[in-house]
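Note sheet for the following structure.
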Amino acid sequence: MASSRFPNKPMANILGMPMIGHCLKRSLMCNLLTDV
């Protein structure tokens, strides 16, 4: 999980939570996904 323009992007802190945490939270909220 590397980004050449923004290193450590998945771990970037957004409102007190890493970006990957926000992605997981939104994935869990999605009704179309059953296995996250």
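We label chains A, B, ... in the order they appear in the structure tokens, count residues from 1 in each chain, and number ligands from 1 in the order shown.
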
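Per DSSP on the backbone, alpha helix (DSSP H) in chain A comprises Met19, Ile20, Gly21, His22, Cys23, Leu24, Lys25, Arg26, Ser27, Leu28 and Met29 of chain A.
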
Output for the residues just chosen: N, CA and C atoms as a compact mmCIF listing (two decimals), in the first residue's frame:
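Written output follows (again_23.txt):
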# COMPACT_ATOMS: atom_id res chain seq x y z
N MET A 19 -6.69 6.78 7.29
CA MET A 19 -7.54 6.71 6.11
C MET A 19 -8.05 5.30 5.87
N ILE A 20 -7.23 4.29 6.12
CA ILE A 20 -7.64 2.90 5.93
C ILE A 20 -8.78 2.55 6.89
N GLY A 21 -8.79 3.17 8.07
CA GLY A 21 -9.88 2.97 9.03
C GLY A 21 -11.19 3.53 8.52
N HIS A 22 -11.13 4.69 7.88
CA HIS A 22 -12.33 5.28 7.28
C HIS A 22 -12.87 4.38 6.16
N CYS A 23 -11.97 3.82 5.37
CA CYS A 23 -12.39 2.92 4.28
C CYS A 23 -13.06 1.68 4.84
N LEU A 24 -12.50 1.12 5.91
CA LEU A 24 -13.08 -0.06 6.54
C LEU A 24 -14.45 0.27 7.12
N LYS A 25 -14.55 1.39 7.80
CA LYS A 25 -15.82 1.81 8.41
C LYS A 25 -16.91 1.95 7.35
N ARG A 26 -16.58 2.60 6.24
CA ARG A 26 -17.56 2.79 5.16
C ARG A 26 -17.91 1.45 4.49
N SER A 27 -16.94 0.56 4.37
CA SER A 27 -17.20 -0.75 3.78
C SER A 27 -18.16 -1.54 4.65
N LEU A 28 -18.01 -1.45 5.96
CA LEU A 28 -18.91 -2.15 6.88
C LEU A 28 -20.32 -1.58 6.84
N MET A 29 -20.46 -0.31 6.49
CA MET A 29 -21.77 0.34 6.41
C MET A 29 -22.51 0.00 5.10

Separation of atom CA of Pro10 of chain A from atom CA of Leu33 of chain A, in Å and rounded to one decimal: 20.9 Å

Quick one: pick out all strand (DSSP E or B) residues within chain A from a backbone DSSP run and write them as an MDAnalysis selection string. chainID A and resid 13:14 17:18

For N, CA and C atoms, I'd like the residues from the last selection saved as a short mmCIF file (atom, residue, chain, number, x, y, z; two decimals), in the first residue's frame.
data_model
loop_
_atom_site.label_atom_id
_atom_site.label_comp_id
_atom_site.auth_asym_id
_atom_site.auth_seq_id
_atom_site.Cartn_x
_atom_site.Cartn_y
_atom_site.Cartn_z
N ASN A 13 -3.59 10.46 8.81
CA ASN A 13 -4.57 10.75 9.85
C ASN A 13 -5.62 11.73 9.32
N ILE A 14 -6.88 11.30 9.33
CA ILE A 14 -8.00 12.14 8.90
C ILE A 14 -9.01 12.15 10.04
N MET A 17 -8.46 9.43 12.70
CA MET A 17 -8.48 8.02 12.30
C MET A 17 -7.68 7.86 11.01
N PRO A 18 -6.90 6.78 10.89
CA PRO A 18 -6.17 6.55 9.65
C PRO A 18 -7.14 6.40 8.47
#
